[in-house]
Amino acid sequence: MARRGEFQIIDRFFTHEAFGEWQSQGVGDDCAIIDAGDTRFAVTTDMMAIGTHFLPNALPETVGYKALAVNLSDLAAAGASPRAFFLSIGLPERDDEWLAGFSRGMMALAEETGCALLGGDTTRTAEVNGRHAPVTISITAMGALPKGKGLTRAGARVGDDVWVSGTVGDAYAALKCRWGHWQVMPDQQPALFERMDRPTPRVRLGTALLDLASAAADISDGLSADLGHILERSGVAADIDWESVPLSPVLRSLAPGLQREAALMGGDDYELVFTASPENRLRIEQAGLLTETRLTRIGKVCEKLSGDNLTIRSHDGAVIRTGMAGFDHFAGQG
């Protein structure tokens with residue numbers, strides 16, 4: 001499968017032969033998994049900007065919370081326990097009221113998950129045509145892993161089940177509603193907007209899956225894209241039952257085509273998609289109960305023959321042609 005946009009940039013310019021004392025077990029995954037002596041830890045970094053990842057009028061508490069949540073979601077996909085993070089932030093100007101709200105939202109989640117802020121940097125954003133660029137945030141988060149363990153995207157095997165946590169598509173639907181493209185009932189909006197503004201990083205679930213899942217990814221670019229990353233890295237394919245894909249009641253109230261668009265290509269859910277042997281079904285269901293997380297089995301890993309590695313079928317077995325890809329910052333360029 002040809003890689004486009006941001007993934008092509010990574011492949012072409014930032015993927016090199018390993019060197020140095022520290023080696024990563026998770027190159028191309030949600031986290032780098034690094035062994036340093038007897039210590040194994042997962043490291044991830046994400047950059048976000050107002051106007052790209054957040055609407056211009058997003059509340060500062062929302063920005064702070066979500067900026068950390070997306071990094072913790074990466075740690076969850078590796079099965080790591082959050083330990084620390086580092087914050088770099090570019091500001092167009094000093095705004096103490098905005099910074100206070102941003103800090104409240106971020107540190108509330110940090111304290112909830114035991115992930116301490118240990119350092120970072122602050123700068124002013126670039127000035128272009130007399131105006132400074134919007135707020136830009138970069139977070140590097142670190143998590144602890146048991147020796148020799150850690151989930152990557154590369155372990156899926158033929159015969160494995162495909163699972164997903166929570167429901168998918170709500171954040172994308174919320175964005176469409178805020179843009180005025182889609183309509184839902186007024187009493188349905190708060191639940192939808194909450195999924196976009198305050199996603200739940202599945203940290204407890206990730207650690208519970210360490211000995212159960214064969215591969216995992218968090219759903220940031222869309223279910224089809226992020227499952228596709230697992231399939232590509234593992235050299236396998238998957239057959240997905242569309243009717244099994246978990247949707248919220250709000251999403252089910254939309255037209256079928258909009259449901260598929262949101263659930264399959266709409267990113268920003270920060271749920272986990274993972275594969276596991278059928279022998280682990282009962283233990284996975286128990287992990288869902290223990291972590292109070294809805295888990296749904298949506299398909300099967302199969303042998304990759306030719307063509308696309310992901311097939312989505314309706315209940316009668318007919319293939320659903322979506323023509324959709326997940327989110328890509330540089331799609332269509334290069």
# chains A, B, ... in the order shown; residues from 1 in each chain; ligands from 1

$ residues_around --residues "region 83-86 of chain A" --least-positions-apart "5" --cutoff "7 Å" --atoms "only C-alpha atoms" --output "list in words"
Gly114, Cys115, Ala116, Leu117, Leu118, Gly119, Gly120, Ile139, Thr140, Ala141, Met142, Gly143 and Ala144 of chain A

$ select_by_dssp --residues "region 162-238 of chain A" --states "strand (DSSP E or B)" --output "ChimeraX atom specification"
/A:162-165,213-218,237-238

$ write_last_selection --atoms "C-alpha atoms" --output "PDB file, in the first residue's frame"
ATOM      1  CA  VAL A 162     -10.429  -7.529  16.109  1.00  0.00           C
ATOM      2  CA  TRP A 163     -11.771  -5.518  19.054  1.00  0.00           C
ATOM      3  CA  VAL A 164     -12.562  -1.862  19.682  1.00  0.00           C
ATOM      4  CA  SER A 165     -13.236   0.015  22.920  1.00  0.00           C
ATOM      5  CA  ALA A 213      -3.685  -8.362  22.947  1.00  0.00           C
ATOM      6  CA  SER A 214      -1.363  -9.211  20.067  1.00  0.00           C
ATOM      7  CA  ALA A 215      -1.357  -5.674  18.585  1.00  0.00           C
ATOM      8  CA  ALA A 216      -2.974  -2.334  19.386  1.00  0.00           C
ATOM      9  CA  ALA A 217      -3.366   1.257  18.216  1.00  0.00           C
ATOM     10  CA  ASP A 218      -5.325   4.236  19.401  1.00  0.00           C
ATOM     11  CA  ALA A 237      -5.625  -8.339   6.418  1.00  0.00           C
ATOM     12  CA  ALA A 238      -8.944  -8.091   8.257  1.00  0.00           C
TER      13      ALA A 238
END

$ residues_around --residues "region 242-254 of chain A" --least-positions-apart "6" --cutoff "8 Å" --atoms "only C-alpha atoms" --output "mmCIF file with all heavy atoms, in the first residue's frame"
data_model
loop_
_atom_site.group_PDB
_atom_site.id
_atom_site.type_symbol
_atom_site.label_atom_id
_atom_site.label_comp_id
_atom_site.auth_asym_id
_atom_site.auth_seq_id
_atom_site.Cartn_x
_atom_site.Cartn_y
_atom_site.Cartn_z
ATOM 1 N N VAL A 164 -12.643 -3.309 19.533
ATOM 2 C CA VAL A 164 -12.562 -1.862 19.682
ATOM 3 C C VAL A 164 -13.218 -1.482 21.009
ATOM 4 O O VAL A 164 -14.168 -2.126 21.460
ATOM 5 C CB VAL A 164 -13.237 -1.136 18.490
ATOM 6 C CG1 VAL A 164 -14.748 -1.347 18.507
ATOM 7 C CG2 VAL A 164 -12.910 0.344 18.491
ATOM 8 N N GLY A 166 -15.148 1.308 23.615
ATOM 9 C CA GLY A 166 -16.093 2.420 23.551
ATOM 10 C C GLY A 166 -16.939 2.427 22.301
ATOM 11 O O GLY A 166 -17.334 1.388 21.778
ATOM 12 N N THR A 167 -17.229 3.622 21.811
ATOM 13 C CA THR A 167 -17.923 3.804 20.536
ATOM 14 C C THR A 167 -17.063 4.707 19.654
ATOM 15 O O THR A 167 -16.225 5.459 20.152
ATOM 16 C CB THR A 167 -19.310 4.440 20.723
ATOM 17 O OG1 THR A 167 -19.167 5.717 21.365
ATOM 18 C CG2 THR A 167 -20.210 3.545 21.567
ATOM 19 N N VAL A 168 -17.270 4.631 18.349
ATOM 20 C CA VAL A 168 -16.441 5.407 17.423
ATOM 21 C C VAL A 168 -17.312 6.327 16.566
ATOM 22 O O VAL A 168 -18.472 6.035 16.296
ATOM 23 C CB VAL A 168 -15.594 4.486 16.514
ATOM 24 C CG1 VAL A 168 -14.533 3.771 17.337
ATOM 25 C CG2 VAL A 168 -16.469 3.479 15.779
ATOM 26 N N GLY A 169 -16.718 7.447 16.166
ATOM 27 C CA GLY A 169 -17.391 8.371 15.261
ATOM 28 C C GLY A 169 -17.999 9.597 15.900
ATOM 29 O O GLY A 169 -18.365 10.550 15.202
ATOM 30 N N ASP A 170 -18.097 9.621 17.230
ATOM 31 C CA ASP A 170 -18.784 10.735 17.888
ATOM 32 C C ASP A 170 -18.031 12.053 17.752
ATOM 33 O O ASP A 170 -18.640 13.109 17.542
ATOM 34 C CB ASP A 170 -18.990 10.414 19.371
ATOM 35 C CG ASP A 170 -20.013 9.315 19.586
ATOM 36 O OD1 ASP A 170 -20.965 9.238 18.799
ATOM 37 O OD2 ASP A 170 -19.869 8.543 20.548
ATOM 38 N N ALA A 173 -18.521 13.464 14.320
ATOM 39 C CA ALA A 173 -19.887 13.962 14.178
ATOM 40 C C ALA A 173 -20.059 15.286 14.920
ATOM 41 O O ALA A 173 -20.755 16.194 14.447
ATOM 42 C CB ALA A 173 -20.884 12.927 14.694
ATOM 43 N N VAL A 184 -28.126 17.409 14.729
ATOM 44 C CA VAL A 184 -28.692 16.469 15.697
ATOM 45 C C VAL A 184 -29.624 17.256 16.599
ATOM 46 O O VAL A 184 -29.594 18.498 16.634
ATOM 47 C CB VAL A 184 -27.599 15.763 16.537
ATOM 48 C CG1 VAL A 184 -26.662 14.943 15.653
ATOM 49 C CG2 VAL A 184 -26.817 16.771 17.379
ATOM 50 N N GLN A 188 -29.161 16.127 22.218
ATOM 51 C CA GLN A 188 -28.125 15.157 21.913
ATOM 52 C C GLN A 188 -26.735 15.783 21.823
ATOM 53 O O GLN A 188 -25.726 15.087 21.881
ATOM 54 C CB GLN A 188 -28.430 14.453 20.584
ATOM 55 C CG GLN A 188 -29.697 13.613 20.584
ATOM 56 C CD GLN A 188 -29.976 13.028 19.209
ATOM 57 O OE1 GLN A 188 -29.817 13.702 18.190
ATOM 58 N NE2 GLN A 188 -30.396 11.765 19.167
ATOM 59 N N LEU A 192 -22.396 14.452 22.553
ATOM 60 C CA LEU A 192 -21.546 14.398 21.356
ATOM 61 C C LEU A 192 -20.332 15.314 21.520
ATOM 62 O O LEU A 192 -19.191 14.915 21.250
ATOM 63 C CB LEU A 192 -22.372 14.823 20.146
ATOM 64 C CG LEU A 192 -21.998 14.259 18.773
ATOM 65 C CD1 LEU A 192 -22.086 12.745 18.769
ATOM 66 C CD2 LEU A 192 -22.909 14.847 17.711
ATOM 67 N N ALA A 263 -17.852 6.835 11.653
ATOM 68 C CA ALA A 263 -17.273 5.710 12.394
ATOM 69 C C ALA A 263 -16.021 5.151 11.745
ATOM 70 O O ALA A 263 -15.106 4.702 12.441
ATOM 71 C CB ALA A 263 -18.313 4.603 12.544
ATOM 72 N N THR A 296 -15.998 -4.384 22.158
ATOM 73 C CA THR A 296 -16.810 -5.019 21.121
ATOM 74 C C THR A 296 -15.904 -5.735 20.130
ATOM 75 O O THR A 296 -14.928 -5.155 19.642
ATOM 76 C CB THR A 296 -17.662 -3.981 20.368
ATOM 77 O OG1 THR A 296 -18.409 -3.203 21.304
ATOM 78 C CG2 THR A 296 -18.616 -4.669 19.397
ATOM 79 N N ARG A 297 -16.251 -6.974 19.824
ATOM 80 C CA ARG A 297 -15.518 -7.740 18.819
ATOM 81 C C ARG A 297 -16.160 -7.441 17.467
ATOM 82 O O ARG A 297 -17.343 -7.678 17.260
ATOM 83 C CB ARG A 297 -15.605 -9.232 19.159
ATOM 84 C CG ARG A 297 -14.768 -10.135 18.313
ATOM 85 C CD ARG A 297 -14.475 -11.445 19.062
ATOM 86 N NE ARG A 297 -15.632 -11.958 19.772
ATOM 87 C CZ ARG A 297 -16.518 -12.816 19.281
ATOM 88 N NH1 ARG A 297 -16.378 -13.262 18.040
ATOM 89 N NH2 ARG A 297 -17.515 -13.248 20.012
ATOM 90 N N ILE A 298 -15.369 -6.896 16.524
ATOM 91 C CA ILE A 298 -15.947 -6.395 15.272
ATOM 92 C C ILE A 298 -15.491 -7.160 14.029
ATOM 93 O O ILE A 298 -15.983 -6.883 12.933
ATOM 94 C CB ILE A 298 -15.636 -4.897 15.075
ATOM 95 C CG1 ILE A 298 -14.123 -4.651 14.941
ATOM 96 C CG2 ILE A 298 -16.223 -4.070 16.207
ATOM 97 C CD1 ILE A 298 -13.767 -3.238 14.530
ATOM 98 N N GLY A 299 -14.569 -8.102 14.173
ATOM 99 C CA GLY A 299 -14.123 -8.807 12.977
ATOM 100 C C GLY A 299 -12.996 -9.762 13.244
ATOM 101 O O GLY A 299 -12.730 -10.139 14.392
ATOM 102 N N ILE A 312 -14.764 -4.406 4.698
ATOM 103 C CA ILE A 312 -15.885 -4.141 5.595
ATOM 104 C C ILE A 312 -17.146 -4.668 4.937
ATOM 105 O O ILE A 312 -17.444 -4.327 3.786
ATOM 106 C CB ILE A 312 -16.002 -2.642 5.884
ATOM 107 C CG1 ILE A 312 -14.694 -2.139 6.512
ATOM 108 C CG2 ILE A 312 -17.178 -2.353 6.806
ATOM 109 C CD1 ILE A 312 -14.574 -0.649 6.582
ATOM 110 N N ARG A 313 -17.868 -5.506 5.659
ATOM 111 C CA ARG A 313 -19.051 -6.172 5.109
ATOM 112 C C ARG A 313 -20.309 -5.828 5.901
ATOM 113 O O ARG A 313 -20.251 -5.576 7.103
ATOM 114 C CB ARG A 313 -18.867 -7.699 5.126
ATOM 115 C CG ARG A 313 -17.643 -8.185 4.362
ATOM 116 C CD ARG A 313 -17.562 -9.714 4.391
ATOM 117 N NE ARG A 313 -16.311 -10.198 3.821
ATOM 118 C CZ ARG A 313 -16.108 -10.392 2.524
ATOM 119 N NH1 ARG A 313 -17.106 -10.163 1.670
ATOM 120 N NH2 ARG A 313 -14.940 -10.829 2.083
ATOM 121 N N SER A 314 -21.443 -5.859 5.210
ATOM 122 C CA SER A 314 -22.734 -5.723 5.869
ATOM 123 C C SER A 314 -23.148 -7.086 6.422
ATOM 124 O O SER A 314 -22.468 -8.087 6.212
ATOM 125 C CB SER A 314 -23.781 -5.202 4.885
ATOM 126 O OG SER A 314 -23.956 -6.131 3.825
ATOM 127 N N HIS A 315 -24.288 -7.148 7.103
ATOM 128 C CA HIS A 315 -24.705 -8.387 7.757
ATOM 129 C C HIS A 315 -24.945 -9.529 6.774
ATOM 130 O O HIS A 315 -24.843 -10.700 7.131
ATOM 131 C CB HIS A 315 -25.976 -8.144 8.580
ATOM 132 C CG HIS A 315 -27.186 -7.843 7.735
ATOM 133 N ND1 HIS A 315 -27.410 -6.606 7.188
ATOM 134 C CD2 HIS A 315 -28.217 -8.636 7.333
ATOM 135 C CE1 HIS A 315 -28.541 -6.634 6.501
ATOM 136 N NE2 HIS A 315 -29.045 -7.841 6.556
#

$ residues_around --residues "Cys177 (chain A)" --least-positions-apart "5" --cutoff "10 Å" --atoms "only C-alpha atoms" --output "list of chain:residue names"
A:Ala171, A:Tyr172, A:Trp182, A:Gln183, A:Val184, A:Gln189, A:Leu192, A:Phe193

$ select_by_dssp --residues "region 22-136 of chain A" --states "alpha helix (DSSP H)" --output "MDAnalysis selection string"
chainID A and resid 60:78 96:113

$ write_last_selection --atoms "N, CA and C atoms" --output "short mmCIF file (atom, residue, chain, number, x, y, z; two decimals), in the first residue's frame"
data_model
loop_
_atom_site.label_atom_id
_atom_site.label_comp_id
_atom_site.auth_asym_id
_atom_site.auth_seq_id
_atom_site.Cartn_x
_atom_site.Cartn_y
_atom_site.Cartn_z
N PRO A 60 -10.00 27.18 26.98
CA PRO A 60 -8.63 26.82 27.36
C PRO A 60 -8.56 25.55 28.19
N GLU A 61 -9.56 25.31 29.08
CA GLU A 61 -9.57 24.06 29.86
C GLU A 61 -9.66 22.85 28.94
N THR A 62 -10.46 22.97 27.88
CA THR A 62 -10.59 21.89 26.91
C THR A 62 -9.27 21.64 26.19
N VAL A 63 -8.61 22.71 25.79
CA VAL A 63 -7.33 22.57 25.08
C VAL A 63 -6.30 21.89 25.98
N GLY A 64 -6.20 22.32 27.23
CA GLY A 64 -5.23 21.73 28.14
C GLY A 64 -5.50 20.26 28.41
N TYR A 65 -6.76 19.94 28.68
CA TYR A 65 -7.12 18.55 28.95
C TYR A 65 -6.82 17.66 27.75
N LYS A 66 -7.29 18.06 26.59
CA LYS A 66 -7.19 17.20 25.41
C LYS A 66 -5.75 17.07 24.93
N ALA A 67 -4.96 18.14 25.06
CA ALA A 67 -3.56 18.08 24.63
C ALA A 67 -2.82 16.98 25.36
N LEU A 68 -3.10 16.81 26.65
CA LEU A 68 -2.46 15.72 27.40
C LEU A 68 -3.15 14.39 27.11
N ALA A 69 -4.47 14.40 26.96
CA ALA A 69 -5.22 13.15 26.76
C ALA A 69 -4.76 12.40 25.52
N VAL A 70 -4.46 13.11 24.44
CA VAL A 70 -4.08 12.41 23.21
C VAL A 70 -2.73 11.71 23.37
N ASN A 71 -1.85 12.27 24.19
CA ASN A 71 -0.58 11.62 24.47
C ASN A 71 -0.77 10.40 25.38
N LEU A 72 -1.63 10.53 26.37
CA LEU A 72 -1.90 9.40 27.26
C LEU A 72 -2.57 8.27 26.50
N SER A 73 -3.33 8.61 25.46
CA SER A 73 -3.95 7.58 24.63
C SER A 73 -2.89 6.77 23.90
N ASP A 74 -1.82 7.42 23.44
CA ASP A 74 -0.72 6.69 22.83
C ASP A 74 -0.07 5.74 23.82
N LEU A 75 0.14 6.20 25.05
CA LEU A 75 0.70 5.32 26.08
C LEU A 75 -0.22 4.13 26.33
N ALA A 76 -1.54 4.38 26.33
CA ALA A 76 -2.50 3.29 26.54
C ALA A 76 -2.38 2.25 25.44
N ALA A 77 -2.16 2.70 24.19
CA ALA A 77 -2.04 1.76 23.08
C ALA A 77 -0.81 0.87 23.22
N ALA A 78 0.19 1.33 23.96
CA ALA A 78 1.39 0.53 24.21
C ALA A 78 1.26 -0.31 25.48
N ASP A 96 -2.77 35.61 30.75
CA ASP A 96 -2.76 34.86 32.01
C ASP A 96 -4.08 34.14 32.26
N GLU A 97 -5.19 34.73 31.87
CA GLU A 97 -6.49 34.08 32.08
C GLU A 97 -6.57 32.81 31.23
N TRP A 98 -6.13 32.89 29.97
CA TRP A 98 -6.14 31.71 29.10
C TRP A 98 -5.20 30.64 29.66
N LEU A 99 -4.02 31.04 30.09
CA LEU A 99 -3.04 30.09 30.60
C LEU A 99 -3.53 29.42 31.88
N ALA A 100 -4.25 30.14 32.72
CA ALA A 100 -4.79 29.55 33.95
C ALA A 100 -5.79 28.46 33.62
N GLY A 101 -6.68 28.72 32.66
CA GLY A 101 -7.65 27.71 32.26
C GLY A 101 -6.97 26.52 31.61
N PHE A 102 -6.01 26.79 30.73
CA PHE A 102 -5.25 25.72 30.07
C PHE A 102 -4.58 24.82 31.11
N SER A 103 -3.94 25.44 32.08
CA SER A 103 -3.24 24.68 33.13
C SER A 103 -4.22 23.86 33.96
N ARG A 104 -5.37 24.43 34.30
CA ARG A 104 -6.36 23.69 35.09
C ARG A 104 -6.79 22.42 34.37
N GLY A 105 -7.13 22.55 33.09
CA GLY A 105 -7.58 21.38 32.35
C GLY A 105 -6.51 20.33 32.23
N MET A 106 -5.30 20.75 31.93
CA MET A 106 -4.19 19.81 31.76
C MET A 106 -3.83 19.11 33.07
N MET A 107 -3.69 19.89 34.14
CA MET A 107 -3.21 19.31 35.39
C MET A 107 -4.27 18.47 36.09
N ALA A 108 -5.54 18.73 35.82
CA ALA A 108 -6.59 17.87 36.38
C ALA A 108 -6.42 16.45 35.85
N LEU A 109 -6.17 16.30 34.55
CA LEU A 109 -5.96 14.98 33.98
C LEU A 109 -4.62 14.40 34.41
N ALA A 110 -3.59 15.24 34.52
CA ALA A 110 -2.29 14.77 34.96
C ALA A 110 -2.37 14.16 36.36
N GLU A 111 -3.07 14.84 37.26
CA GLU A 111 -3.20 14.33 38.63
C GLU A 111 -4.07 13.07 38.67
N GLU A 112 -5.11 13.05 37.86
CA GLU A 112 -5.99 11.88 37.81
C GLU A 112 -5.24 10.62 37.37
N THR A 113 -4.29 10.78 36.46
CA THR A 113 -3.59 9.62 35.90
C THR A 113 -2.20 9.42 36.48
#

$ residues_around --residues "Gly79 (chain A)" --least-positions-apart "2" --cutoff "7 Å" --atoms "only C-alpha atoms" --output "PyMOL selection string"
chain A and resi 75-77+81+150-151+206-207+209-210

$ atom_distance --atom1 "CA of Arg281 (chain A)" --atom2 "CA of Asp226 (chain A)"
21.6 Å

$ residues_around --residues "Glu279 (chain A)" --least-positions-apart "5" --cutoff "10 Å" --atoms "only C-alpha atoms" --output "list in words"
Asp160, Asp161, Leu212 and Ile284 of chain A

$ write_last_selection --atoms "all heavy atoms" --output "compact mmCIF listing (two decimals), in the first residue's frame"
# COMPACT_ATOMS: atom_id res chain seq x y z
N ASP A 160 -6.76 -14.01 14.59
CA ASP A 160 -7.06 -13.14 15.73
C ASP A 160 -8.41 -12.44 15.57
O ASP A 160 -8.86 -12.18 14.45
CB ASP A 160 -5.99 -12.04 15.87
CG ASP A 160 -4.71 -12.53 16.54
OD1 ASP A 160 -4.67 -13.70 16.96
OD2 ASP A 160 -3.76 -11.74 16.64
N ASP A 161 -9.03 -12.15 16.70
CA ASP A 161 -10.20 -11.28 16.72
C ASP A 161 -9.76 -9.82 16.63
O ASP A 161 -8.67 -9.47 17.06
CB ASP A 161 -10.99 -11.46 18.02
CG ASP A 161 -11.60 -12.85 18.16
OD1 ASP A 161 -12.02 -13.42 17.14
OD2 ASP A 161 -11.65 -13.34 19.30
N LEU A 212 -2.81 -9.90 26.85
CA LEU A 212 -3.97 -10.44 26.13
C LEU A 212 -3.98 -10.06 24.66
O LEU A 212 -4.34 -10.88 23.81
CB LEU A 212 -5.26 -9.93 26.80
CG LEU A 212 -5.46 -10.28 28.27
CD1 LEU A 212 -6.73 -9.63 28.80
CD2 LEU A 212 -5.52 -11.79 28.46
N ILE A 284 -10.58 -11.01 27.98
CA ILE A 284 -10.74 -9.64 27.47
C ILE A 284 -12.06 -9.05 27.93
O ILE A 284 -12.14 -7.89 28.35
CB ILE A 284 -10.64 -9.62 25.93
CG1 ILE A 284 -9.18 -9.86 25.51
CG2 ILE A 284 -11.15 -8.31 25.35
CD1 ILE A 284 -8.99 -10.07 24.03

$ atom_distance --atom1 "CA of Asp221 (chain A)" --atom2 "CA of Met265 (chain A)"
7.1 Å

$ closest_residue --among "A:Cys31, A:Ala126, A:Ala49, A:Gln259" --to "Lys176 (chain A)" --atoms "only C-alpha atoms"
A:Gln259
